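Taking it in order: structure first as structure tokens, then the write-up.
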Amino acid sequence: MGTNGVKMRAMGKRVIIVGGGHNGLVCACYLAGAGAEVTLLEQRQILGGAAVTEEFHPGFRNSTASYTVSLLHPRIIQELRLVEHGLRIEPRQVNNFLPSIEGEGFISHGDPDRARSLLAEQCPQDINALTQYELALHRLAPVLRDLMLTTPPDLTTLSFSDIPRLFQLSRHYGRLTNEDRRLLLKLFTVSAGEILDDLFVSPQLKALLGFDAIVGHYASPYTPGSGYVLLHHVIGGINGKTGTWGHARGGMGAISDAIAAEARSRGVTLVTEMPVERIEVQDRKARAVRTLNGDSFEADIIVAGVNPKLLFCQLIDPAAINPETRLHFEHYKCQSGTFRLNVALNQIPSFTGQPDPSVLTGGVILAPSLDYMDLAYTDARQSGYSASPVVEMMIPSLVDDTLAPPGKHVASLFCQHFDPSLASEWTHRRDQAADTIIDTVDQFAPGFSSTIIARQVHSPWDLEQKFGLVGGDIFHGRLSLDQLFSARPMLGMAQYRTEIDGLWMCSAGTHPGGGVSGVPGLNAAREIIRTL
Ligand SMILES: Cc1cc2nc3c(=O)[nH]c(=O)nc-3n(C[C@H](O)[C@H](O)[C@H](O)COP(=O)(O)OP(=O)(O)OC[C@H]3O[C@@H](n4cnc5c(N)ncnc54)[C@H](O)[C@@H]3O)c2cc1C
């Protein structure tokens with residue numbers, strides 16, 4: 001991007017980006033790099049959206065919301081010079097540890113050789129099928145990663161400009177074998193549980209793999225479509241190792257800070273504590289944004305780095321958009337049902353069936369089987385949340401001494417199946433739910449609760465209030481077929497432009513969806529630059 005011709009045309013174009021999440025920041029960098037005059041307005045006092053590190057108790061800092069890296073696109077790391085700006089991402093030594101209340105835990109090691117020998121001990125009957133499954137995912141991942149960078153075709157018009165997009169699509173698809181295509185079709189349409197039950201025997205192995213299908217997805221692993229959510233979580237990688245996850249030193253805020261540093265170096269004006277109240281539209285053209293404190297910023301181009309539902313249902317006058325668009329976004333599904341705790345700890349926990357503390361450097365998943373997850377979802381539908389919820393714990397201070405005082409620790413608890421439809425009712429139920437989560441950890445790690453010095457609690461409602469995540473949805477919209485690719489966030493608007501002239505979108509609510517990838521921001525910038 002950024003040829004001289006484009007630079008000439010972009011020069012002097014005033015761009016306002018609404019929302020300083022990492023996607024807004026990425027988009028700002030590329031647009032400024034192309035020559036535009038970019039100002040970004042963020043409502044909070046801190047940039048990064050759901051990718052931030054904050055002190056939640058004196059001396060204890062942690063990633064407040066997102067907590068682990070895999071999806072951040074290598075192109076963004078390189079082009080935005082994130083390493084030069086201080087970003088360090090360490091792959092996990094141990095991918096995951098699944099403790100069991102009754103017996104031995106299940107370990108997925110980060111080192112491929114150790115992983116293989118451990119799995120051969122833990123689930124010998126599944127080892128061949130697992131090898132085939134992993135090989136297939138490794139073939140699918142690069143194709144899907146390329147697809148992430150492809151702007152989806154507009155299926156409402158299929159115009160001349162969609163021909164290259166369709167060509168790219170068929171080229172990606174053409175790289176797959178028929179066997180891979182069959183698996184892909186299944187992953188997009190059936191449940192993760194069904195796929196895993198067909199392939200494997202070990203309940204713990206199935207739980208380990210199936211956990212990815214319910215992360216940020218308010219559904220059972222047996223809900224059709226959950227296979228895609230699983231896929232979404234395994235197509236990333238660290239240092240070229242597909243499917244691996246890692247820790248950003250300093251927490252997830254280090255990613256946003258590095259992108260913000262690049263944005264500043266490209267001349268972007270970054271303004272915090274500047275909530276946008278309205279996007280002013282006149283004659284179907286976006287003209288300006290008005291902030292809550294009454295300031296007005298005129299612009300040639302406005303890019304919304306916020307959830308599209310928030311954009312269309314709160315920031316634009318209903319009279320300025322088509323009624324069907326308004327209706328679509330009223331029904332746009334935002335409901336990941338996640339609950340997020342940060343705890344300051346006196347000491348690290350000790351789980352039953354834990355061979356040694358090194359396994360705690362991975363994600364500790366408290367969900368011993370797919371049935372456990374299925375029941376947690378059913379309970380949540382009946383009672384708001386389960387007495388035995390699904391919890392993943394990370395203890396980043398084990399690998400990062402910048403987060404807690406010496407000898408102390410911080411842990412992230414990421415918990416699934418907390419009914420998002422309870423909305424503001426969560427203010428009355430959040431502490432009780434947090435107690436249930438801690439009681440659940442106590443069952444797997446006796447005495448855990450007595451080591452807690454302080455806690456920070458985020459129900460789905462808190463996530464919405466603090467970060468603007470509508471419905472507490474961590475992905476800015478459910479990752480289901482009706483809200484993916486050419487349909488994200490709406491058929492006819494998946495090319496990052498809206499029906500309002502000059503108004504664009506760049507958040508996780510656009511293709512390829514949620515996670516700290518930066519790709520929606522990059523893709524949106526590319527499409528905007530094309531029109532300059
Ligand atoms: C609890 C939780 C755990 C997660 N865990 C992971 C993980 O471990 N790994 C991973 O890859 N992903 C994870 N995710 C998902 C990932 O963090 C998000 O999908 C991603 O960060 C979204 O980025 P974004 O820039 O598109 O939007 P956001 O990060 O949501 O940024 C939008 C920004 O817009 C601002 N804003 C909203 N309204 C206004 C307004 N009116 N005016 C001005 N500013 C406004 C918000 O304050 C926010 O800063 C998690 C998310 C959550 C919430």
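So you can find residues: chains in the structure tokens are A, B, ... in the order shown, residues in each start at 1, and ligands are numbered from 1 in order.
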With only C-alpha atoms as the counted atoms, please give the residues lying no more than 8 Å from stretch 174-180 of chain A, apart from itself and same-chain residues fewer than 2 positions off, as a count of residues only.
10
Taking only stretch 414-483 of chain A into account, list the residues labelled alpha helix (DSSP H) by DSSP (computed from the backbone), as a VMD selection string.
chain A and resid 426 to 444 460 to 467
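The environment of stretch 43-58 of chain A within 7 Å, counting only C-alpha atoms and disregarding residues fewer than 5 places along the same chain, consists of Gly19, Gly20, Gly21, His22, Ser63, Thr64, Ala65, Ser66, Gly251, Met252, Gly253, Ser256, Thr272, Glu273, Met274, Pro275, Ala454, Gln456 and Phe467 of chain A.
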Would you save the residues from that selection as a PDB file, in the first residue's frame, using C-alpha atoms?
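Okay, selection29.pdb is ready:
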ATOM      1  CA  GLY A  19     -12.807   3.697  18.657  1.00  0.00           C
ATOM      2  CA  GLY A  20      -9.213   3.014  19.609  1.00  0.00           C
ATOM      3  CA  GLY A  21      -9.305  -0.772  19.790  1.00  0.00           C
ATOM      4  CA  HIS A  22      -6.376  -2.526  18.156  1.00  0.00           C
ATOM      5  CA  SER A  63      -4.549  -8.047  30.548  1.00  0.00           C
ATOM      6  CA  THR A  64      -8.035  -6.868  31.474  1.00  0.00           C
ATOM      7  CA  ALA A  65     -10.012  -8.679  28.762  1.00  0.00           C
ATOM      8  CA  SER A  66      -8.177 -10.643  26.035  1.00  0.00           C
ATOM      9  CA  GLY A 251       0.155  -8.234  28.712  1.00  0.00           C
ATOM     10  CA  MET A 252      -2.119  -7.664  25.715  1.00  0.00           C
ATOM     11  CA  GLY A 253      -1.773  -3.905  26.142  1.00  0.00           C
ATOM     12  CA  SER A 256      -1.933  -2.060  21.357  1.00  0.00           C
ATOM     13  CA  THR A 272      -8.545   9.423  24.504  1.00  0.00           C
ATOM     14  CA  GLU A 273     -11.516  10.166  26.791  1.00  0.00           C
ATOM     15  CA  MET A 274     -13.430  11.308  23.725  1.00  0.00           C
ATOM     16  CA  PRO A 275     -16.671   9.299  23.448  1.00  0.00           C
ATOM     17  CA  ALA A 454      -7.959  -9.117  45.256  1.00  0.00           C
ATOM     18  CA  GLN A 456     -11.623  -7.773  39.359  1.00  0.00           C
ATOM     19  CA  PHE A 467     -15.463  -1.639  26.432  1.00  0.00           C
TER      20      PHE A 467
END
Determine, counting only C-alpha atoms, which protein, DNA and RNA residues have an atom within 7 Å of an atom of A:Val306; residues of the same chain fewer than 4 positions away are not included. Present the result as a short mmCIF file (atom, residue, chain, number, x, y, z; two decimals) with N, CA, C and O atoms, in the first residue's frame.
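Written out: out-v1.cif:
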data_model
loop_
_atom_site.label_atom_id
_atom_site.label_comp_id
_atom_site.auth_asym_id
_atom_site.auth_seq_id
_atom_site.Cartn_x
_atom_site.Cartn_y
_atom_site.Cartn_z
N VAL A 18 -13.42 6.09 14.75
CA VAL A 18 -14.18 6.07 16.00
C VAL A 18 -13.84 4.77 16.73
O VAL A 18 -14.17 3.68 16.26
N GLY A 19 -13.17 4.88 17.86
CA GLY A 19 -12.81 3.70 18.66
C GLY A 19 -11.34 3.34 18.49
O GLY A 19 -10.86 3.14 17.37
N LEU A 310 -23.58 -1.41 17.51
CA LEU A 310 -23.48 -0.13 18.23
C LEU A 310 -23.51 1.02 17.21
O LEU A 310 -24.19 2.03 17.39
N LEU A 311 -22.79 0.82 16.11
CA LEU A 311 -22.74 1.85 15.07
C LEU A 311 -24.13 2.17 14.53
O LEU A 311 -24.56 3.33 14.52
N SER A 507 -13.91 -2.93 12.54
CA SER A 507 -13.75 -3.65 13.81
C SER A 507 -13.90 -5.16 13.60
O SER A 507 -14.13 -5.64 12.50
#
Quick check for you: according to DSSP on this backbone, which residues of stretch 122-261 of chain A are classed as strand (DSSP E)? Reply as a list of chain:residue names.
A:Gly237, A:Ile238, A:Lys241, A:Thr242, A:Gly246, A:His247, A:Ala248
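The environment of A:Ser265 within 10 Å, counting only C-alpha atoms and disregarding residues fewer than 5 places along the same chain, consists of Cys29, Ala32, Gly33, Ile259 and Ala260 of chain A.
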Save the residues we just selected, N, CA, C and O atoms, as an mmCIF file, in the first residue's frame?
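After the write, part.cif holds the following:
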data_model
loop_
_atom_site.group_PDB
_atom_site.id
_atom_site.type_symbol
_atom_site.label_atom_id
_atom_site.label_comp_id
_atom_site.auth_asym_id
_atom_site.auth_seq_id
_atom_site.Cartn_x
_atom_site.Cartn_y
_atom_site.Cartn_z
ATOM 1 N N CYS A 29 -2.990 3.333 11.222
ATOM 2 C CA CYS A 29 -1.590 3.261 10.757
ATOM 3 C C CYS A 29 -1.529 3.191 9.232
ATOM 4 O O CYS A 29 -0.755 3.914 8.587
ATOM 5 N N ALA A 32 -2.767 6.443 7.540
ATOM 6 C CA ALA A 32 -1.770 7.517 7.676
ATOM 7 C C ALA A 32 -0.572 7.211 6.787
ATOM 8 O O ALA A 32 -0.003 8.117 6.161
ATOM 9 N N GLY A 33 -0.213 5.934 6.710
ATOM 10 C CA GLY A 33 0.905 5.526 5.852
ATOM 11 C C GLY A 33 0.628 5.846 4.392
ATOM 12 O O GLY A 33 1.557 6.103 3.608
ATOM 13 N N ILE A 259 1.257 -0.821 18.461
ATOM 14 C CA ILE A 259 0.549 -0.312 17.264
ATOM 15 C C ILE A 259 0.357 1.207 17.404
ATOM 16 O O ILE A 259 0.547 1.966 16.443
ATOM 17 N N ALA A 260 0.014 1.637 18.634
ATOM 18 C CA ALA A 260 -0.191 3.084 18.855
ATOM 19 C C ALA A 260 1.124 3.848 18.612
ATOM 20 O O ALA A 260 1.105 4.962 18.059
#
Residues of stretch 418-518 of chain A that have any atom at most 9 Å from an atom of stretch 151-166 of chain A: could you tabulate them with the shortest-distance atom pair and the distance in Å to one decimal, using only C-alpha atoms, ordered by chain and increasing number, as JSON lines?
{"residue": "A:Phe485", "atom": "CA", "partner": "A:Pro152", "partner_atom": "CA", "distance": 5.8}
{"residue": "A:Ser486", "atom": "CA", "partner": "A:Pro152", "partner_atom": "CA", "distance": 5.0}
{"residue": "A:Ala487", "atom": "CA", "partner": "A:Leu155", "partner_atom": "CA", "distance": 8.5}
{"residue": "A:Arg488", "atom": "CA", "partner": "A:Pro152", "partner_atom": "CA", "distance": 9.0}
{"residue": "A:Leu491", "atom": "CA", "partner": "A:Thr156", "partner_atom": "CA", "distance": 6.5}
{"residue": "A:Gly492", "atom": "CA", "partner": "A:Asp154", "partner_atom": "CA", "distance": 5.4}
{"residue": "A:Met493", "atom": "CA", "partner": "A:Asp154", "partner_atom": "CA", "distance": 7.4}
{"residue": "A:Ala494", "atom": "CA", "partner": "A:Pro152", "partner_atom": "CA", "distance": 6.2}
{"residue": "A:Gln495", "atom": "CA", "partner": "A:Thr151", "partner_atom": "CA", "distance": 6.0}
{"residue": "A:Tyr496", "atom": "CA", "partner": "A:Thr151", "partner_atom": "CA", "distance": 8.4}
{"residue": "A:His511", "atom": "CA", "partner": "A:Thr151", "partner_atom": "CA", "distance": 7.5}
{"residue": "A:Pro512", "atom": "CA", "partner": "A:Thr151", "partner_atom": "CA", "distance": 8.9}
Write to file, as a compact mmCIF listing (two decimals), in the first residue's frame, the residues of the selection just made, with N, CA, C and O atoms.
# COMPACT_ATOMS: atom_id res chain seq x y z
N PHE A 485 -17.97 -13.96 6.77
CA PHE A 485 -17.50 -13.73 5.41
C PHE A 485 -18.38 -12.70 4.71
O PHE A 485 -18.49 -11.58 5.19
N SER A 486 -19.01 -13.04 3.57
CA SER A 486 -19.79 -12.02 2.84
C SER A 486 -20.98 -11.51 3.64
O SER A 486 -21.62 -10.53 3.25
N ALA A 487 -21.31 -12.19 4.73
CA ALA A 487 -22.45 -11.76 5.54
C ALA A 487 -22.00 -11.05 6.82
O ALA A 487 -22.82 -10.83 7.72
N ARG A 488 -20.70 -10.72 6.94
CA ARG A 488 -20.24 -10.04 8.16
C ARG A 488 -19.97 -8.57 7.87
O ARG A 488 -19.09 -8.28 7.05
N LEU A 491 -24.95 -8.93 4.56
CA LEU A 491 -24.77 -9.10 3.11
C LEU A 491 -24.83 -7.73 2.44
O LEU A 491 -25.75 -6.95 2.71
N GLY A 492 -23.85 -7.44 1.61
CA GLY A 492 -23.83 -6.13 0.94
C GLY A 492 -22.94 -5.12 1.65
O GLY A 492 -22.66 -4.05 1.12
N MET A 493 -22.47 -5.47 2.88
CA MET A 493 -21.60 -4.52 3.61
C MET A 493 -20.33 -5.21 4.08
O MET A 493 -19.67 -4.71 5.00
N ALA A 494 -19.96 -6.34 3.49
CA ALA A 494 -18.78 -7.06 3.96
C ALA A 494 -17.50 -6.55 3.33
O ALA A 494 -16.43 -7.10 3.54
N GLN A 495 -17.63 -5.48 2.53
CA GLN A 495 -16.44 -4.92 1.88
C GLN A 495 -15.97 -3.69 2.67
O GLN A 495 -15.31 -2.81 2.15
N TYR A 496 -16.39 -3.64 3.94
CA TYR A 496 -15.95 -2.62 4.91
C TYR A 496 -16.64 -1.27 4.69
O TYR A 496 -16.55 -0.41 5.51
N HIS A 511 -15.28 -8.86 8.49
CA HIS A 511 -14.46 -10.03 8.15
C HIS A 511 -13.00 -9.77 8.53
O HIS A 511 -12.48 -8.69 8.27
N PRO A 512 -12.23 -10.69 9.13
CA PRO A 512 -12.62 -12.08 9.43
C PRO A 512 -13.10 -12.32 10.85
O PRO A 512 -13.07 -13.46 11.32
Neighbours of A:Leu370 within 10 Å (only C-alpha atoms; same-chain residues fewer than 2 positions away dropped), as a list in words?
Ala192, Gly193, Leu196, Asp197, Pro203, Gln204, Leu205, Lys206, Ala207, Leu208, Leu209, Gly210, Phe211, Ser220, Pro221, Tyr222, Ala367, Pro368, Tyr372, Met373, Asp374, Leu375 and Ala376 of chain A
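Nearest to A:Ile395 of all the residues A:Lys333, A:His328, A:Lys309, A:Arg92 is A:Arg92, counting only C-alpha atoms.
Neighbours of A:Ile238 closer than or equal to 12 Å, with only C-alpha atoms counted and sequence neighbours fewer than 2 positions away skipped, come out as Thr68, Val69, Ser70, Leu71, Leu72, His73, Pro74, Ile77, Arg88, Ile89, Glu90, Pro91, Arg92, Gln93, Asn95, Gly110, Val234, Ile235, Gly236, Gly240, Lys241, Thr242, Gly243, Thr244, Trp245, Gly246, His247, Ala248 and Ser517 of chain A.
Each of A:Thr498, A:Met148, A:Arg526, A:Gly513 was compared to A:Ala320 using only C-alpha atoms, and A:Thr498 turns out to be the nearest.
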